[in-house]
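> One file is attached below, upload03.tsv, containing TSV, C-alpha atoms.
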```tsv
chain	number	residue	atom	x	y	z
A	14	MET	CA	-4.63	7.92	-24.84
A	15	THR	CA	-2.25	10.69	-23.91
A	16	ASP	CA	-3.00	13.35	-21.33
A	17	LYS	CA	-3.23	16.10	-23.96
A	18	ASN	CA	-6.45	14.52	-25.18
A	19	THR	CA	-8.29	14.63	-21.88
A	20	ARG	CA	-7.78	18.17	-20.62
A	21	GLY	CA	-8.67	21.63	-21.76
A	22	SER	CA	-12.43	21.34	-22.17
A	23	ALA	CA	-15.15	22.61	-19.89
A	24	ALA	CA	-15.62	19.17	-18.40
A	25	THR	CA	-12.72	17.14	-17.12
A	26	ALA	CA	-11.79	13.59	-17.94
A	27	GLY	CA	-13.58	11.24	-15.62
A	28	ASP	CA	-16.35	13.78	-15.03
A	29	ASP	CA	-19.28	11.57	-14.04
A	30	THR	CA	-21.60	14.40	-13.03
A	31	GLY	CA	-23.98	13.90	-15.94
A	32	SER	CA	-23.15	17.31	-17.44
A	33	ASN	CA	-22.72	15.86	-20.95
A	34	PRO	CA	-26.01	16.00	-22.88
A	35	PHE	CA	-24.81	13.13	-25.08
A	36	GLU	CA	-23.93	10.69	-22.28
A	37	GLU	CA	-26.50	8.09	-23.32
A	38	GLN	CA	-25.44	8.25	-26.99
A	39	LEU	CA	-21.73	8.06	-26.18
A	40	ALA	CA	-22.31	5.07	-23.89
A	41	ARG	CA	-24.49	3.33	-26.50
A	42	HIS	CA	-21.69	3.65	-29.08
A	43	GLN	CA	-19.09	2.58	-26.49
A	44	VAL	CA	-16.99	5.73	-26.78
A	45	PRO	CA	-14.34	5.60	-24.03
A	46	ARG	CA	-15.34	7.82	-21.11
A	47	GLN	CA	-12.13	9.87	-21.29
A	48	MET	CA	-13.25	11.13	-24.74
A	49	TRP	CA	-16.67	12.33	-23.57
A	50	PRO	CA	-15.50	15.87	-22.75
A	51	MET	CA	-14.22	16.28	-26.33
A	52	LEU	CA	-17.64	15.23	-27.66
A	53	SER	CA	-19.86	17.11	-25.18
A	54	GLY	CA	-20.92	19.64	-27.82
A	55	HIS	CA	-22.04	17.24	-30.53
A	56	GLY	CA	-21.81	13.57	-29.51
A	57	VAL	CA	-20.86	11.07	-32.20
A	58	GLY	CA	-23.11	12.64	-34.83
A	59	PRO	CA	-26.30	11.39	-36.47
A	60	LEU	CA	-24.56	9.35	-39.19
A	61	VAL	CA	-22.78	7.16	-36.63
A	62	GLU	CA	-26.22	6.55	-35.10
A	63	LYS	CA	-27.81	5.69	-38.46
A	64	LEU	CA	-24.98	3.35	-39.50
A	65	GLY	CA	-24.92	1.56	-36.12
A	66	ILE	CA	-21.18	2.08	-35.55
A	67	ILE	CA	-19.93	0.75	-32.20
A	68	PHE	CA	-16.43	1.67	-31.03
A	69	GLU	CA	-14.19	-1.02	-29.57
A	70	GLY	CA	-11.25	1.28	-28.83
A	71	ILE	CA	-10.04	4.79	-29.48
A	72	THR	CA	-6.39	5.74	-28.99
A	73	ALA	CA	-3.88	7.81	-30.95
A	74	ALA	CA	-2.32	4.59	-32.28
A	75	ARG	CA	-5.49	2.69	-33.20
A	76	VAL	CA	-9.23	3.22	-33.55
A	77	VAL	CA	-11.44	0.15	-33.94
A	78	ALA	CA	-15.19	-0.03	-34.53
A	79	THR	CA	-17.81	-2.37	-35.95
A	80	MET	CA	-20.76	-1.69	-38.20
A	81	PRO	CA	-23.60	-4.03	-39.20
A	82	VAL	CA	-24.07	-4.93	-42.84
A	83	GLU	CA	-27.83	-5.16	-42.24
A	84	GLY	CA	-29.38	-1.75	-42.84
A	85	ASN	CA	-26.28	-0.48	-44.67
A	86	GLN	CA	-26.77	-2.36	-47.94
A	87	GLN	CA	-27.12	-1.14	-51.48
A	88	VAL	CA	-29.93	-2.28	-53.75
A	89	ALA	CA	-28.19	-5.62	-54.56
A	90	GLY	CA	-28.25	-6.54	-50.85
A	91	ILE	CA	-24.51	-6.17	-50.16
A	92	LEU	CA	-22.72	-3.61	-48.00
A	93	HIS	CA	-22.92	-0.21	-49.66
A	94	GLY	CA	-19.50	1.16	-50.60
A	95	GLY	CA	-20.55	4.55	-49.26
A	96	ALA	CA	-21.26	2.98	-45.87
A	97	SER	CA	-17.73	1.55	-45.85
A	98	VAL	CA	-16.31	4.97	-46.69
A	99	ALA	CA	-18.45	6.59	-43.98
A	100	LEU	CA	-17.09	4.07	-41.45
A	101	ALA	CA	-13.54	4.79	-42.62
A	102	GLU	CA	-14.01	8.56	-42.43
A	103	THR	CA	-15.50	8.26	-38.95
A	104	LEU	CA	-12.54	6.25	-37.68
A	105	GLY	CA	-9.97	8.49	-39.36
A	106	SER	CA	-11.62	11.63	-38.05
A	107	PHE	CA	-11.78	10.28	-34.49
A	108	ALA	CA	-8.11	9.29	-34.72
A	109	ALA	CA	-7.16	12.75	-36.00
A	110	ALA	CA	-9.15	14.35	-33.18
A	111	VAL	CA	-7.30	12.29	-30.57
A	112	HIS	CA	-3.97	13.31	-32.11
A	113	ALA	CA	-4.99	16.99	-32.35
A	114	GLY	CA	-6.05	17.18	-28.71
A	115	PRO	CA	-8.75	19.38	-27.24
A	116	THR	CA	-7.84	22.55	-29.15
A	117	GLY	CA	-7.41	21.03	-32.61
A	118	ARG	CA	-10.25	20.44	-35.04
A	119	PRO	CA	-9.75	17.85	-37.80
A	120	ALA	CA	-11.22	18.58	-41.21
A	121	GLY	CA	-11.11	15.90	-43.88
A	122	VAL	CA	-9.37	17.01	-47.07
A	123	ASP	CA	-8.98	13.69	-48.91
A	124	ILE	CA	-10.39	10.19	-48.68
A	125	ASN	CA	-10.11	7.26	-51.04
A	126	ALA	CA	-11.20	3.67	-50.85
A	127	THR	CA	-10.69	0.41	-52.66
A	128	HIS	CA	-13.47	-2.16	-52.31
A	129	HIS	CA	-12.04	-5.68	-52.40
A	130	ARG	CA	-15.05	-7.90	-51.76
A	131	ALA	CA	-18.71	-7.64	-50.86
A	132	GLY	CA	-19.84	-7.43	-47.27
A	133	ILE	CA	-22.67	-9.95	-47.20
A	134	SER	CA	-23.95	-10.19	-43.61
A	135	GLY	CA	-23.02	-9.80	-39.97
A	136	LEU	CA	-20.59	-7.13	-38.87
A	137	VAL	CA	-17.65	-5.48	-40.55
A	138	THR	CA	-14.77	-4.21	-38.43
A	139	GLY	CA	-12.72	-1.15	-39.25
A	140	VAL	CA	-9.18	-0.76	-37.89
A	141	CYS	CA	-7.60	2.67	-38.29
A	142	THR	CA	-3.86	3.22	-37.88
A	143	PRO	CA	-1.74	6.29	-38.53
A	144	ILE	CA	0.49	6.71	-41.55
A	145	HIS	CA	1.49	10.31	-40.74
A	146	LEU	CA	0.85	12.37	-37.59
A	147	GLY	CA	1.96	15.94	-38.12
A	148	ARG	CA	1.20	19.31	-36.59
A	149	SER	CA	-1.11	20.41	-39.39
A	150	THR	CA	-2.15	17.15	-41.10
A	151	THR	CA	-2.73	13.50	-40.32
A	152	THR	CA	-3.10	10.54	-42.66
A	153	HIS	CA	-4.61	7.24	-41.59
A	154	GLU	CA	-5.19	3.87	-43.20
A	155	ILE	CA	-8.43	2.07	-42.44
A	156	ILE	CA	-8.82	-1.64	-43.13
A	157	ILE	CA	-12.37	-2.95	-43.06
A	158	SER	CA	-12.80	-6.72	-42.73
A	159	ASP	CA	-15.72	-9.12	-42.52
A	160	GLU	CA	-16.33	-11.56	-39.67
A	161	GLU	CA	-14.08	-14.13	-41.32
A	162	GLY	CA	-11.20	-11.64	-41.32
A	163	ARG	CA	-11.33	-11.10	-45.08
A	164	ARG	CA	-10.55	-7.58	-46.26
A	165	VAL	CA	-13.65	-5.84	-47.59
A	166	CYS	CA	-12.22	-2.35	-48.08
A	167	THR	CA	-8.99	-0.39	-47.67
A	168	ALA	CA	-9.31	3.36	-47.24
A	169	ARG	CA	-6.95	6.26	-46.61
A	170	ILE	CA	-7.94	9.62	-45.16
A	171	THR	CA	-6.02	12.85	-44.73
A	172	ASN	CA	-7.26	15.42	-42.22
A	173	MET	CA	-6.10	19.01	-41.81
A	174	ILE	CA	-5.78	20.06	-38.18
A	175	LEU	CA	-7.40	23.45	-37.68
A	176	GLY	CA	-6.90	25.61	-34.61
A	177	PRO	CA	-9.56	26.66	-32.11
A	178	THR	CA	-12.60	28.56	-33.39
```
Reformat the file's structure so that it appears as structure tokens.

Amino acid sequence: MTDKNTRGSAATAGDDTGSNPFEEQLARHQVPRQMWPMLSGHGVGPLVEKLGIIFEGITAARVVATMPVEGNQQVAGILHGGASVALAETLGSFAAAVHAGPTGRPAGVDINATHHRAGISGLVTGVCTPIHLGRSTTTHEIIISDEEGRRVCTARITNMILGPT
């Protein structure tokens, strides 16, 4: 992660004073500590909690997270397509936030997804990589795979980068 993503908020990167009200949540979802200041106002959000998303890495070049199929199924017992899209949007939004730095605010303007196969059980893993990183927009591709490495879903998200409030 670049330096621009860890400065400029009320807390500083590496601040271990316990001043973040979402410390427990951020730790539970394995958000890297250097991102905690950026998330001190809202944490990871309630949907990440409900879906059980766990981050494995968050950088400007790559965001990786897992999500269980169990609890995120549709009526037929397979992974709900909406859960896959929610995972993709989460990863793309986190990636856009890292790119935008502490003063930028990403806002999703487009997302699309192609579902290739059913997620049946276990965990799915989403890997988000940039397609375009501009000053006012970002576009990312998210590939979601099952535990056997088979592609379950391919998504693309475009975020607008808004300035400070």
> Just how far from CA of Leu64 in chain A is CA of Ala99 in chain A, in Å to one decimal?
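Separating CA of Ala99 in chain A from CA of Leu64 in chain A is a distance of 8.6 Å.
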> Considering only C-alpha atoms, can you say which of A:Met80, A:Val165, A:Ala74, A:Leu175 comes closest to Gly135 in chain A?
A:Met80
> When distances are computed from all atoms listed in the file, which of A:Ile170, A:Leu39, A:Ile124, A:Ala131 shows the smallest separation from His153 in chain A?
A:Ile170
> Is it possible to get the residues within 10 Å of (-10.7, 15.3, -34.7) (coordinates as in the file, counting all atoms listed in the file) written as a PyMOL selection string?
chain A and resi 51-52+103-121+151+172-175
> Counting all atoms listed in the file, which of A:Ser158, A:Ser53, A:Gln43, A:Asn33 gets nearest to Cys141 in chain A?
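Using all atoms listed in the file, Cys141 in chain A sits closest to A:Ser158.
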> Tell me which of A:Met48, A:Glu102, A:Gly90, A:Ala73 sits closest to Leu60 in chain A, counting only C-alpha atoms.
A:Glu102
> Would you please work out which residue, of A:Val61, A:Pro50, A:Gly56, A:Val88, is nearest to Phe35 in chain A when using all atoms listed in the file?
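Closest to Phe35 in chain A of all the choices is A:Gly56.
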> With all atoms listed in the file as the atoms that count, which of A:Val77, A:Ala168, A:Leu146, A:Ile67 lies nearest to Asp123 in chain A?
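Of the candidates, the smallest distance to Asp123 in chain A is held by A:Ala168.
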> What is the distance between CA of Ala96 in chain A and CA of Ser134 in chain A, in Å to one decimal?
13.6 Å
